[in-house]
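coords.txt (compact mmCIF, C-alpha atoms and all ligand atoms)
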# COMPACT_ATOMS: atom_id res chain seq x y z
CA MET L 61 0.00 0.00 0.00
CA GLU L 62 1.28 3.44 -0.83
CA GLU L 63 1.88 5.76 2.09
CA PRO L 64 -0.36 8.82 2.33
CA VAL L 65 0.65 12.24 1.11
CA VAL L 66 0.74 14.80 3.89
CA VAL L 67 0.63 18.60 3.64
CA GLY L 68 1.63 21.31 6.09
CA ILE L 69 1.51 25.09 5.84
CA ASP L 70 3.81 26.92 8.26
CA ILE L 71 2.66 30.52 8.44
CA GLY L 72 5.54 32.36 10.07
CA THR L 73 6.31 36.01 10.60
CA THR L 74 9.02 36.02 7.95
CA LYS L 75 8.05 33.19 5.60
CA VAL L 76 5.17 30.95 4.60
CA CYS L 77 6.32 27.40 3.89
CA THR L 78 4.02 24.83 2.31
CA LEU L 79 5.36 21.27 2.16
CA VAL L 80 3.91 18.24 0.43
CA ALA L 81 5.47 14.92 1.40
CA ARG L 82 5.12 11.19 1.35
CA VAL L 83 5.88 9.26 4.50
CA GLU L 84 9.00 7.18 4.08
CA GLY L 85 10.26 4.72 6.64
CA GLU L 86 10.52 5.42 10.33
CA ARG L 87 9.62 9.09 10.80
CA GLY L 88 11.25 10.03 7.50
CA PHE L 89 9.69 12.02 4.66
CA ARG L 90 10.15 12.26 0.94
CA ILE L 91 9.47 15.91 0.16
CA LEU L 92 7.46 16.11 -3.07
CA GLY L 93 6.63 19.79 -3.13
CA VAL L 94 8.03 22.94 -1.52
CA GLY L 95 6.58 26.45 -1.59
CA ILE L 96 8.54 29.03 0.38
CA GLU L 97 7.42 32.65 0.13
CA PRO L 98 8.23 35.73 2.20
CA SER L 99 5.22 36.37 4.39
CA GLN L 100 3.29 39.58 4.35
CA GLY L 101 0.53 40.85 6.61
CA ILE L 102 1.68 38.67 9.51
CA ARG L 103 3.22 40.09 12.68
CA LYS L 104 4.31 38.23 15.76
CA GLY L 105 2.41 35.18 14.59
CA THR L 106 -0.92 36.92 13.97
CA ILE L 107 -2.54 38.29 10.85
CA VAL L 108 -2.57 42.05 10.60
CA ASP L 109 -3.53 42.35 6.92
CA LEU L 110 -5.95 39.74 5.57
CA SER L 111 -5.43 40.31 1.88
CA ALA L 112 -1.63 40.52 2.04
CA ALA L 113 -1.48 37.40 4.18
CA SER L 114 -3.88 35.51 1.89
CA GLN L 115 -1.75 36.40 -1.10
CA SER L 116 1.49 35.15 0.40
CA ILE L 117 -0.20 31.94 1.53
CA ALA L 118 -1.71 31.48 -1.95
CA ARG L 119 1.68 31.97 -3.61
CA SER L 120 3.30 29.46 -1.29
CA VAL L 121 0.53 26.88 -1.86
CA GLU L 122 0.71 27.37 -5.60
CA LYS L 123 4.48 26.85 -5.64
CA ALA L 124 4.12 23.64 -3.64
CA GLN L 125 1.40 22.45 -6.01
CA ARG L 126 3.54 23.19 -9.01
CA SER L 127 6.65 21.50 -7.67
CA SER L 128 4.75 18.42 -6.50
CA GLY L 129 2.29 18.22 -9.38
CA LEU L 130 -0.41 17.52 -6.79
CA GLU L 131 -3.47 19.51 -5.89
CA ILE L 132 -3.63 20.60 -2.27
CA THR L 133 -7.12 20.48 -0.79
CA SER L 134 -6.41 20.29 2.93
CA ALA L 135 -3.46 20.89 5.20
CA LEU L 136 -2.29 21.19 8.76
CA VAL L 137 -1.48 24.78 9.63
CA SER L 138 0.89 26.18 12.25
CA LEU L 139 -0.35 28.54 14.91
CA ALA L 140 1.50 30.89 17.26
CA GLY L 141 1.19 34.33 18.77
CA SER L 142 0.69 35.86 22.17
CA HIS L 143 -3.06 35.12 21.93
CA VAL L 144 -2.28 31.46 22.66
CA ALA L 145 -2.77 30.35 26.26
CA SER L 146 -2.74 27.05 28.08
CA VAL L 147 -4.26 25.58 31.24
CA ASN L 148 -3.96 22.25 32.96
CA SER L 149 -7.20 20.49 33.78
CA ARG L 150 -8.33 17.14 35.17
CA GLY L 151 -11.11 14.98 33.73
CA VAL L 152 -12.81 12.17 35.65
CA VAL L 153 -15.23 9.49 34.41
CA GLY L 154 -16.74 6.30 35.82
CA ILE L 155 -16.19 3.04 33.92
CA SER L 156 -19.35 0.99 33.59
CA GLY L 157 -18.02 -2.22 32.06
CA GLY L 158 -15.02 -2.57 34.39
CA ILE L 159 -12.60 -2.55 31.43
CA ILE L 160 -11.41 0.75 30.02
CA ASP L 161 -11.95 1.18 26.30
CA GLN L 162 -11.19 3.92 23.80
CA ASP L 163 -14.57 5.53 24.40
CA ASP L 164 -13.84 5.93 28.11
CA VAL L 165 -10.54 7.65 27.30
CA ALA L 166 -12.37 9.95 24.92
CA ARG L 167 -15.00 10.73 27.58
CA ALA L 168 -12.30 11.46 30.15
CA LEU L 169 -10.55 13.84 27.77
CA GLU L 170 -13.85 15.48 26.98
CA SER L 171 -14.59 16.00 30.64
CA ALA L 172 -11.13 17.56 31.06
CA GLN L 173 -12.22 20.08 28.43
CA ALA L 174 -15.18 21.11 30.58
CA VAL L 175 -13.25 23.99 32.11
CA ALA L 176 -14.52 27.51 31.78
CA ILE L 177 -13.23 28.57 28.37
CA PRO L 178 -14.48 32.04 27.42
CA HIS L 179 -16.65 32.06 24.29
CA ASN L 180 -14.09 34.15 22.43
CA ARG L 181 -11.47 31.41 22.72
CA GLU L 182 -11.10 28.20 20.75
CA ILE L 183 -9.57 24.95 21.98
CA ILE L 184 -6.64 24.01 19.73
CA HIS L 185 -5.21 20.99 21.54
CA VAL L 186 -6.10 18.79 24.46
CA ILE L 187 -2.97 16.90 25.41
CA GLN L 188 -3.11 14.14 27.96
CA ARG L 189 -0.31 14.08 30.49
CA GLY L 190 -0.98 10.70 32.05
CA PHE L 191 -3.90 8.78 33.49
CA THR L 192 -4.97 7.64 36.94
CA VAL L 193 -7.00 4.44 37.28
CA ASP L 194 -8.74 3.84 40.62
CA GLY L 195 -6.28 6.14 42.37
CA GLN L 196 -3.15 4.66 40.81
CA ASP L 197 -1.38 7.39 38.89
CA GLY L 198 1.39 7.43 36.31
CA ILE L 199 -0.49 5.23 33.85
CA ARG L 200 0.50 5.88 30.25
CA MET L 201 -2.13 3.92 28.35
CA PRO L 202 -5.21 2.74 30.23
CA ILE L 203 -7.05 1.07 27.32
CA GLY L 204 -7.70 -2.57 28.19
CA MET L 205 -7.08 -2.11 31.92
CA HIS L 206 -9.54 -3.01 34.65
CA GLY L 207 -10.90 -0.19 36.75
CA TYR L 208 -13.94 1.80 37.83
CA ARG L 209 -12.67 5.35 37.84
CA LEU L 210 -10.52 6.90 35.12
CA GLU L 211 -8.86 10.28 35.54
CA VAL L 212 -6.84 12.14 32.97
CA GLU L 213 -4.52 15.09 33.48
CA GLY L 214 -4.99 17.32 30.45
CA HIS L 215 -3.07 20.26 29.05
CA ILE L 216 -5.51 22.45 27.15
CA ILE L 217 -4.24 24.96 24.63
CA THR L 218 -6.60 27.71 23.56
CA ALA L 219 -6.31 30.59 21.12
CA ALA L 220 -8.30 33.74 20.39
CA ALA L 221 -11.22 32.54 18.25
CA ALA L 222 -11.19 35.60 16.00
CA THR L 223 -7.48 35.27 15.26
CA VAL L 224 -7.89 31.58 14.46
CA GLU L 225 -10.84 32.35 12.21
CA ASN L 226 -8.84 34.97 10.30
CA LEU L 227 -6.07 32.51 9.74
CA ARG L 228 -8.55 29.85 8.58
CA GLN L 229 -10.08 32.32 6.13
CA CYS L 230 -6.70 33.25 4.70
CA VAL L 231 -5.88 29.59 4.07
CA GLN L 232 -9.33 28.83 2.64
CA ALA L 233 -8.93 31.68 0.19
CA SER L 234 -6.33 29.48 -1.54
CA GLY L 235 -8.84 26.65 -1.79
CA VAL L 236 -7.27 24.73 1.08
CA GLN L 237 -9.21 23.46 4.11
CA VAL L 238 -7.47 23.57 7.48
CA SER L 239 -7.65 20.02 8.80
CA GLN L 240 -6.11 21.10 12.08
CA PHE L 241 -4.11 23.89 13.62
CA VAL L 242 -0.94 22.83 15.39
CA LEU L 243 0.83 25.03 17.91
CA ASN L 244 4.31 25.95 16.58
CA PRO L 245 6.42 24.50 19.40
CA LEU L 246 4.54 21.18 19.31
CA ALA L 247 5.19 20.87 15.59
CA SER L 248 8.89 21.75 16.00
CA ALA L 249 9.27 19.31 18.89
CA GLU L 250 8.09 16.46 16.67
CA VAL L 251 11.18 16.76 14.49
CA VAL L 252 13.89 18.01 16.82
CA LEU L 253 13.41 16.04 20.05
CA SER L 254 14.76 12.57 20.58
CA GLU L 255 12.73 10.07 22.58
CA THR L 256 15.39 10.16 25.33
CA GLU L 257 15.14 13.94 25.62
CA ARG L 258 11.36 13.74 25.87
CA GLN L 259 11.60 11.18 28.61
CA MET L 260 14.37 12.88 30.60
CA GLY L 261 12.82 16.32 30.52
CA THR L 262 13.66 19.04 28.04
CA VAL L 263 12.45 22.38 26.77
CA VAL L 264 12.22 22.96 23.04
CA CYS L 265 12.60 26.60 22.05
CA ASP L 266 11.90 27.79 18.50
CA ILE L 267 13.07 31.38 17.99
CA GLY L 268 11.72 32.64 14.69
CA GLY L 269 11.32 36.16 13.36
CA GLY L 270 8.41 37.36 15.47
CA THR L 271 7.83 34.72 18.11
CA THR L 272 9.69 32.50 20.53
CA ASP L 273 7.77 29.26 20.96
CA MET L 274 8.46 26.90 23.82
CA ALA L 275 7.24 23.53 25.00
CA ILE L 276 8.36 21.54 28.03
CA TYR L 277 8.44 17.74 27.70
CA ILE L 278 8.76 15.54 30.75
CA ASP L 279 8.20 11.77 31.02
CA GLY L 280 7.49 11.68 27.30
CA ASP L 281 4.58 14.13 27.40
CA VAL L 282 4.01 17.85 26.87
CA TRP L 283 3.69 19.46 30.27
CA HIS L 284 3.73 23.09 29.39
CA THR L 285 3.63 25.38 26.34
CA MET L 286 4.37 29.06 25.91
CA VAL L 287 4.54 31.56 23.06
CA LEU L 288 6.44 34.84 23.53
CA ALA L 289 6.06 37.72 21.09
CA VAL L 290 9.80 38.30 20.61
CA GLY L 291 12.20 36.98 17.99
CA GLY L 292 14.94 37.68 15.48
CA ASN L 293 13.12 40.66 13.99
CA HIS L 294 13.68 42.52 17.24
CA VAL L 295 17.40 41.90 16.91
CA THR L 296 17.28 43.26 13.36
CA SER L 297 15.41 46.39 14.37
CA ASP L 298 17.85 47.02 17.23
CA ILE L 299 20.71 46.83 14.71
CA ALA L 300 18.88 49.16 12.34
CA HIS L 301 18.36 51.74 15.09
CA GLY L 302 21.75 51.34 16.72
CA LEU L 303 23.78 51.56 13.51
CA ARG L 304 21.37 53.79 11.55
CA LEU L 305 20.74 51.29 8.79
CA ALA L 306 17.68 50.34 6.75
CA LEU L 307 15.93 47.23 8.07
CA SER L 308 16.84 45.14 5.04
CA GLN L 309 20.47 46.14 5.41
CA ALA L 310 20.45 45.40 9.14
CA GLU L 311 19.02 41.95 8.38
CA GLU L 312 21.81 41.23 5.89
CA ILE L 313 24.50 42.43 8.27
CA LYS L 314 23.08 40.37 11.09
CA LYS L 315 23.26 37.23 8.98
CA GLN L 316 26.68 37.98 7.55
CA TYR L 317 28.60 39.45 10.50
CA GLY L 318 26.38 38.88 13.53
CA TYR L 319 27.63 37.18 16.66
CA ALA L 320 25.85 36.66 19.97
CA ILE L 321 28.74 37.22 22.39
CA GLU L 322 30.52 40.56 22.30
CA ALA L 323 33.52 39.45 24.38
CA GLU L 324 34.47 36.82 21.82
CA ILE L 325 34.95 39.32 18.99
CA ASP L 326 38.30 40.99 18.38
CA ASP L 327 38.46 44.79 18.74
CA ASN L 328 39.99 45.20 15.27
CA ASP L 329 37.37 43.13 13.50
CA THR L 330 35.46 45.53 11.21
CA PHE L 331 33.36 45.53 8.04
CA THR L 332 32.09 48.30 5.76
CA THR L 333 28.56 49.22 4.76
CA ARG L 334 26.58 52.30 3.74
CA SER L 335 24.53 53.93 6.52
CA PHE L 336 21.08 55.40 6.05
CA GLY L 337 21.29 58.68 4.15
CA GLU L 338 25.10 58.64 3.93
CA GLU L 339 26.99 58.85 0.68
CA GLN L 340 30.16 57.19 1.86
CA ALA L 341 30.53 53.65 3.04
CA VAL L 342 31.22 53.52 6.77
CA GLN L 343 33.30 51.16 8.79
CA ILE L 344 31.51 49.29 11.57
CA SER L 345 33.14 47.34 14.35
CA ARG L 346 31.87 43.77 14.61
CA ARG L 347 32.19 44.13 18.34
CA ASP L 348 29.67 47.00 18.34
CA LEU L 349 27.34 44.86 16.28
CA ALA L 350 27.75 41.94 18.68
CA HIS L 351 27.10 44.32 21.60
CA ILE L 352 23.69 45.21 20.17
CA ILE L 353 22.85 41.60 19.33
CA GLU L 354 23.96 40.23 22.68
CA ALA L 355 21.81 42.69 24.63
CA ARG L 356 18.64 41.64 22.81
CA VAL L 357 19.32 37.93 22.61
CA GLU L 358 20.21 37.84 26.27
CA GLU L 359 16.94 39.58 27.04
CA ILE L 360 15.04 36.97 25.01
CA PHE L 361 16.67 34.16 27.00
CA GLN L 362 15.95 35.98 30.27
CA LEU L 363 12.27 35.99 29.26
CA VAL L 364 12.53 32.32 28.33
CA LEU L 365 14.08 31.55 31.71
CA GLN L 366 11.34 33.49 33.47
CA GLU L 367 8.69 31.45 31.66
CA ILE L 368 10.42 28.18 32.51
CA LYS L 369 10.55 29.19 36.17
CA ARG L 370 6.93 30.29 36.11
CA SER L 371 5.92 26.87 34.80
CA GLY L 372 7.39 25.36 37.96
CA TYR L 373 9.28 22.68 35.99
CA ASP L 374 12.70 24.38 36.00
CA GLY L 375 14.26 21.67 38.11
CA LEU L 376 13.00 18.89 35.87
CA LEU L 377 14.95 19.52 32.68
CA PRO L 378 18.17 17.47 32.81
CA ALA L 379 18.22 17.19 29.01
CA GLY L 380 18.35 20.99 28.86
CA MET L 381 17.19 23.01 25.89
CA VAL L 382 16.83 22.09 22.25
CA LEU L 383 17.06 25.33 20.33
CA THR L 384 15.69 25.73 16.81
CA GLY L 385 14.04 28.32 14.51
CA GLY L 386 15.84 30.70 12.13
CA THR L 387 17.40 32.76 14.90
CA SER L 388 19.27 29.72 16.22
CA LEU L 389 21.53 30.14 13.15
CA LEU L 390 23.12 33.15 14.85
CA PRO L 391 26.73 32.17 15.67
CA GLY L 392 27.43 32.13 19.39
CA ILE L 393 23.78 31.79 20.38
CA ARG L 394 24.23 28.31 21.83
CA SER L 395 26.76 29.33 24.44
CA LEU L 396 24.88 32.54 25.29
CA ALA L 397 21.70 30.51 25.84
CA SER L 398 23.57 28.04 27.98
CA GLN L 399 25.10 30.85 30.09
CA VAL L 400 21.78 32.58 30.71
CA LEU L 401 19.72 29.47 31.32
CA GLY L 402 22.29 27.39 33.15
CA LEU L 403 21.26 24.41 31.02
CA PRO L 404 22.94 22.36 28.31
CA VAL L 405 21.79 23.64 24.91
CA ARG L 406 21.74 21.84 21.57
CA ILE L 407 20.80 23.35 18.20
CA ALA L 408 18.59 21.19 16.03
CA ARG L 409 17.25 21.12 12.50
CA PRO L 410 14.97 18.71 10.60
CA GLU L 411 16.55 15.39 9.73
CA ASN L 412 15.54 12.23 7.87
CA LEU L 413 14.34 14.15 4.82
CA TYR L 414 14.61 12.95 1.25
CA GLY L 415 13.58 14.46 -2.08
CA LEU L 416 13.36 18.24 -2.50
CA VAL L 417 15.32 19.04 0.62
CA ASP L 418 17.93 21.63 -0.41
CA GLN L 419 16.11 24.58 1.14
CA LEU L 420 14.88 22.74 4.20
CA ASP L 421 18.22 21.93 5.79
CA SER L 422 17.92 24.72 8.36
CA PRO L 423 16.50 25.16 11.87
CA ALA L 424 14.08 27.67 10.31
CA TYR L 425 12.08 24.75 8.90
CA SER L 426 11.59 22.69 12.05
CA THR L 427 7.97 23.82 12.44
CA SER L 428 7.25 23.29 8.74
CA VAL L 429 8.55 19.71 8.78
CA GLY L 430 6.96 19.08 12.19
CA LEU L 431 3.55 19.73 10.68
CA LEU L 432 4.17 16.78 8.36
CA SER L 433 4.84 14.54 11.36
CA TRP L 434 1.55 15.60 12.88
CA ALA L 435 -0.26 15.03 9.61
CA MET L 436 1.25 11.57 9.36
CA LEU L 437 0.20 10.63 12.87
CA MET L 438 -3.28 12.00 12.32
CA SER L 439 -3.90 10.25 9.04
CA GLU L 440 -2.86 6.95 10.54
CA THR L 441 -5.11 7.34 13.52
CA SER L 442 -8.26 8.83 12.12
CA PRO L 443 -10.68 7.28 14.65
CA ALA L 444 -10.13 10.01 17.19
CA PRO L 445 -12.50 10.93 19.95
CA ARG L 446 -15.41 13.00 18.66
CA ARG L 447 -13.83 16.11 17.34
CA SER L 448 -15.20 17.93 14.39
CA SER L 449 -11.80 18.35 12.79
CA TRP L 450 -11.22 14.60 12.80
CA LYS L 451 -12.84 12.79 9.95
CA GLY L 452 -12.22 9.12 10.29
CA GLY L 453 -13.54 5.65 9.89
CA LYS L 454 -10.49 3.52 9.16
CA ALA L 455 -9.82 0.35 11.11
CA ILE L 456 -7.97 1.05 14.33
CA ASP L 457 -4.27 0.31 14.40
CA TRP L 458 -3.83 -0.04 18.14
CA ASP L 459 -0.07 0.27 18.22
CA THR L 460 -0.09 3.49 16.31
CA LEU L 461 -3.04 4.77 18.28
CA ARG L 462 -1.27 3.93 21.48
CA SER L 463 1.88 5.84 20.60
CA PHE L 464 -0.21 8.64 19.21
CA LEU L 465 -2.38 8.98 22.30
CA ARG L 466 0.69 8.87 24.42
CA ARG L 467 2.20 11.93 22.80
CA LEU L 468 -0.24 14.05 20.96
CA LEU L 469 -3.88 13.44 21.52
CA PRO L 470 -6.03 14.83 20.08
N1 LIG L 501 22.24 33.21 9.74
C1 LIG L 501 21.39 33.83 10.56
N2 LIG L 501 21.83 34.52 11.61
C2 LIG L 501 21.00 35.16 12.43
N3 LIG L 501 19.67 35.19 12.27
C3 LIG L 501 19.16 34.53 11.23
C4 LIG L 501 19.98 33.82 10.32
N4 LIG L 501 19.18 33.26 9.39
C5 LIG L 501 17.91 33.62 9.70
N5 LIG L 501 17.90 34.37 10.80
C6 LIG L 501 16.72 34.99 11.45
O1 LIG L 501 15.73 34.03 11.67
C7 LIG L 501 14.46 34.67 11.67
C8 LIG L 501 13.48 33.87 10.85
O2 LIG L 501 13.34 32.61 11.43
P1 LIG L 501 12.13 31.65 11.04
O3 LIG L 501 12.15 31.40 9.60
O4 LIG L 501 12.22 30.49 11.97
O5 LIG L 501 10.91 32.59 11.43
P2 LIG L 501 9.35 32.44 11.07
O6 LIG L 501 8.98 31.01 11.20
O7 LIG L 501 9.08 33.09 9.77
O8 LIG L 501 8.71 33.35 12.19
P3 LIG L 501 7.85 32.99 13.49
O9 LIG L 501 7.95 31.53 13.73
O10 LIG L 501 8.50 33.80 14.56
O11 LIG L 501 6.50 33.48 13.19
C9 LIG L 501 14.66 36.07 11.14
O12 LIG L 501 14.60 37.01 12.18
C10 LIG L 501 16.08 36.01 10.56
O13 LIG L 501 16.73 37.23 10.67
MG MG L 502 8.29 29.76 12.75

Could I get this structure in the form of structure tokens?
Ligand SMILES: Nc1ncnc2c1ncn2[C@@H]1O[C@H](COP(=O)(O)OP(=O)(O)OP(=O)(O)O)[C@@H](O)[C@H]1O
Ligand SMILES: [Mg+2]
Amino acid sequence: MEEPVVVGIDIGTTKVCTLVARVEGERGFRILGVGIEPSQGIRKGTIVDLSAASQSIARSVEKAQRSSGLEITSALVSLAGSHVASVNSRGVVGISGGIIDQDDVARALESAQAVAIPHNREIIHVIQRGFTVDGQDGIRMPIGMHGYRLEVEGHIITAAAATVENLRQCVQASGVQVSQFVLNPLASAEVVLSETERQMGTVVCDIGGGTTDMAIYIDGDVWHTMVLAVGGNHVTSDIAHGLRLALSQAEEIKKQYGYAIEAEIDDNDTFTTRSFGEEQAVQISRRDLAHIIEARVEEIFQLVLQEIKRSGYDGLLPAGMVLTGGTSLLPGIRSLASQVLGLPVRIARPENLYGLVDQLDSPAYSTSVGLLSWAMLMSETSPAPRRSSWKGGKAIDWDTLRSFLRRLLP
């Protein structure tokens, strides 16, 4: 049987990336179509100009259709922005038959969703963080077990309904239905985290252009998620202001000469460029540039550290941080992060890709490729507990369902 084709649209602050892929082997993908377009009308993860955003999404979808030769009708779409919030909630149900089945798990998850969610917010994910059967906690997969009372600890991620609706409209304008929204850090985590890291306890941090997306994994599950409205664009605008350069120039300089730790740059290290409004090229010290960059990047990691502490899980992350997103390409950022956070830090990018992969070999595409992993898991486990976005009816593959429930449900 041929593996299904999966589609993801990563709508970022700096680029829209549509990927079409076929599942190949263990968690690997053959990329059939790629559509990368600069994004317009999107700031800090939210849409600020409907028509501009729709157009960049449409261009990206069209490119992916052309390169794959396939028509895209539905896709998983990334979601981020400061409008995203999360709460932990517990669901409890009684088991009538004495043996827990899939329906009971679904009911338990549904009851965990019965928290007061304001009408202007939409539930994006309900992630289970472990079950308790008749008072015994720490159960990973209760299906098939005996018991009379099933409890589930859920992590519920909600987003502003209007913002989600705008995003849905923009995607639909290209003739593509959104099969599900996936929170950025959860998508990135799917491709950059190893099973050991998930089990030991780790925080994945995706620093893009406009947002910094984080998720904490402990004991194999997502325990906490956060989205901060800061990213690489702030570094660029600091450089533009500090050195009196146009934004586009500041962006180029950041990529070409940028470094995250001032003290590691030699005093005599300089480069030349033309300042805003100046006729003559000027000489700029790389150390001055690094000074500006370090101040902002350090501030971002201070915010990250604050969020980790606020989650209460700061002592539970022996595997440290896995850093990804375009901004993680900044030289020196790994050691700066490690200094500020007091954690080991590793930089990760998508792996196990085949086919049209030239452009995707960068941490900037972790979310984009992560959407494909979600799509794959979803298509293989269609019989999900009563959710409108899940259209199913295939025979249940219990092994897949089990691993799926364990990590992602729904
Ligand atoms: N070599 C590099 N050095 C420093 N920064 C870089 C480099 N390459 C890319 N960046 C920065 O990475 C950022 C873009 O990252 P990415 O593509 O992950 O963002 P995005 O997904 O579009 O945005 P977001 O996820 O925040 O909505 C930009 O700020 C860009 O300047
Ligand atoms: Mg991104």

Next on the checklist: Which residues are near ligand LIG 501 (chain L) in this structure, taking near to mean any atom at most 7 Å from a ligand atom and counting all atoms listed in the file? Format them as a PyMOL selection string.
Outcome noted: chain L and resi 71-76+104-105+140+267-272+291-293+296+311+314-316+318+385-391+423-425

Item to check | Shortest interatomic distance to Gly95 in chain L - which of L:Ile69, L:Leu210, L:Ala113, L:Met438, counting only C-alpha atoms | outcome: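 The closest residue to Gly95 in chain L is L:Ile69.
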
Item to check | Pick from L:Thr106, L:Thr133, L:Ser146, L:Asn412 nearest to ligand MG 502 (chain L), counting all atoms listed in the file | outcome: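 Counting all atoms listed in the file, the residue closest to ligand MG 502 (chain L) is L:Thr106.
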
Item to check | Residue nearest ligand MG 502 (chain L) among L:Ile187, L:Leu253, L:Ala289, L:Cys230 (counting all atoms listed in the file) | outcome: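 The answer is L:Ala289, which sits nearest to ligand MG 502 (chain L).
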
Next on the checklist: Would you pick out the contacts of range 346-359 of chain L at 6 Å or less, using all atoms listed in the file, so that residues sharing its chain but fewer than 2 positions from it are not included, and give the list as a list in words?
Outcome noted: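 Residues meeting the cut-off are Val295, Tyr319, Ala320, Ile321, Glu322, Ile325, Asp329, Thr330, Phe361 and Gln362 of chain L.
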
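Among the candidates L:Val147, L:Leu401, L:Ala118, L:Leu136, the one nearest to Ala435 in chain L when counting all atoms listed in the file is L:Leu136.
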
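If you look at CA of Thr78 in chain L and CA of Val263 in chain L, they are 26.0 Å away from each other.
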
Checklist entry - Residues at most 8 Å from Ala221 in chain L, counting all atoms listed in the file, excluding those fewer than 5 positions away in the same chain, as a VMD selection string? => result chain L and resid 180 to 182

Next on the checklist: Residues near Arg189 in chain L, anyone? I mean within 7 Å using all atoms listed in the file, not counting same-chain ones fewer than 3 positions away, as a list in words.
Outcome noted: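 The residues that qualify are Glu213, Gly214, His215, Asp281, Val282 and Trp283 of chain L.
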
Next on the checklist: Which residue is closest to ligand MG 502 (chain L)? Choose from L:Ala323, L:Ile102, L:Leu130, L:Val153 and count all atoms listed in the file.
Outcome noted: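 When distances to ligand MG 502 (chain L) are compared using all atoms listed in the file, the smallest one comes from L:Ile102.
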
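Look at His284 in chain L: the protein and nucleic acid residues within 9 Å of it, using all atoms listed in the file and passing over chain neighbours fewer than 3 places away, are Ser146, Val147, Asn148, His215, Met274, Ala275, Ile276, Tyr277, Ile368, Ser371 and Tyr373 of chain L.
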
Preceding selection exported with C-alpha atoms as a CSV table (one decimal), in the frame of the given file:
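Output below, filename result08.csv:
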chain,number,residue,atom,x,y,z
L,146,SER,CA,-2.7,27.0,28.1
L,147,VAL,CA,-4.3,25.6,31.2
L,148,ASN,CA,-4.0,22.2,33.0
L,215,HIS,CA,-3.1,20.3,29.0
L,274,MET,CA,8.5,26.9,23.8
L,275,ALA,CA,7.2,23.5,25.0
L,276,ILE,CA,8.4,21.5,28.0
L,277,TYR,CA,8.4,17.7,27.7
L,368,ILE,CA,10.4,28.2,32.5
L,371,SER,CA,5.9,26.9,34.8
L,373,TYR,CA,9.3,22.7,36.0

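CA of Asp194 in chain L sits 14.4 Å away from CA of Arg150 in chain L.
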
Checklist entry - Contacts of Val144 in chain L at 8 Å or less, counting all atoms listed in the file, minus same-chain residues fewer than 3 places along, as a list of chain:residue names? => result L:Ala140, L:Gly141, L:Ile217, L:Thr218, L:Ala219, L:Ala220, L:Met286, L:Val287

Item to check | Point (-9.9, 14.2, 33.1) neighbourhood (9 Å, all atoms listed in the file) written as a ChimeraX atom specification | outcome: /L:149-153,165,167-173,188,191,210-214

Item to check | Residue with smallest distance to ligand MG 502 (chain L) - pool L:Pro245, L:Pro410, L:Gly198, L:Gly415, counting all atoms listed in the file | outcome: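 Ranked by minimum distance to ligand MG 502 (chain L), first place goes to L:Pro245.
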
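Interatomic distance, CA of Arg126 in chain L to CA of Gly93 in chain L: 7.5 Å.
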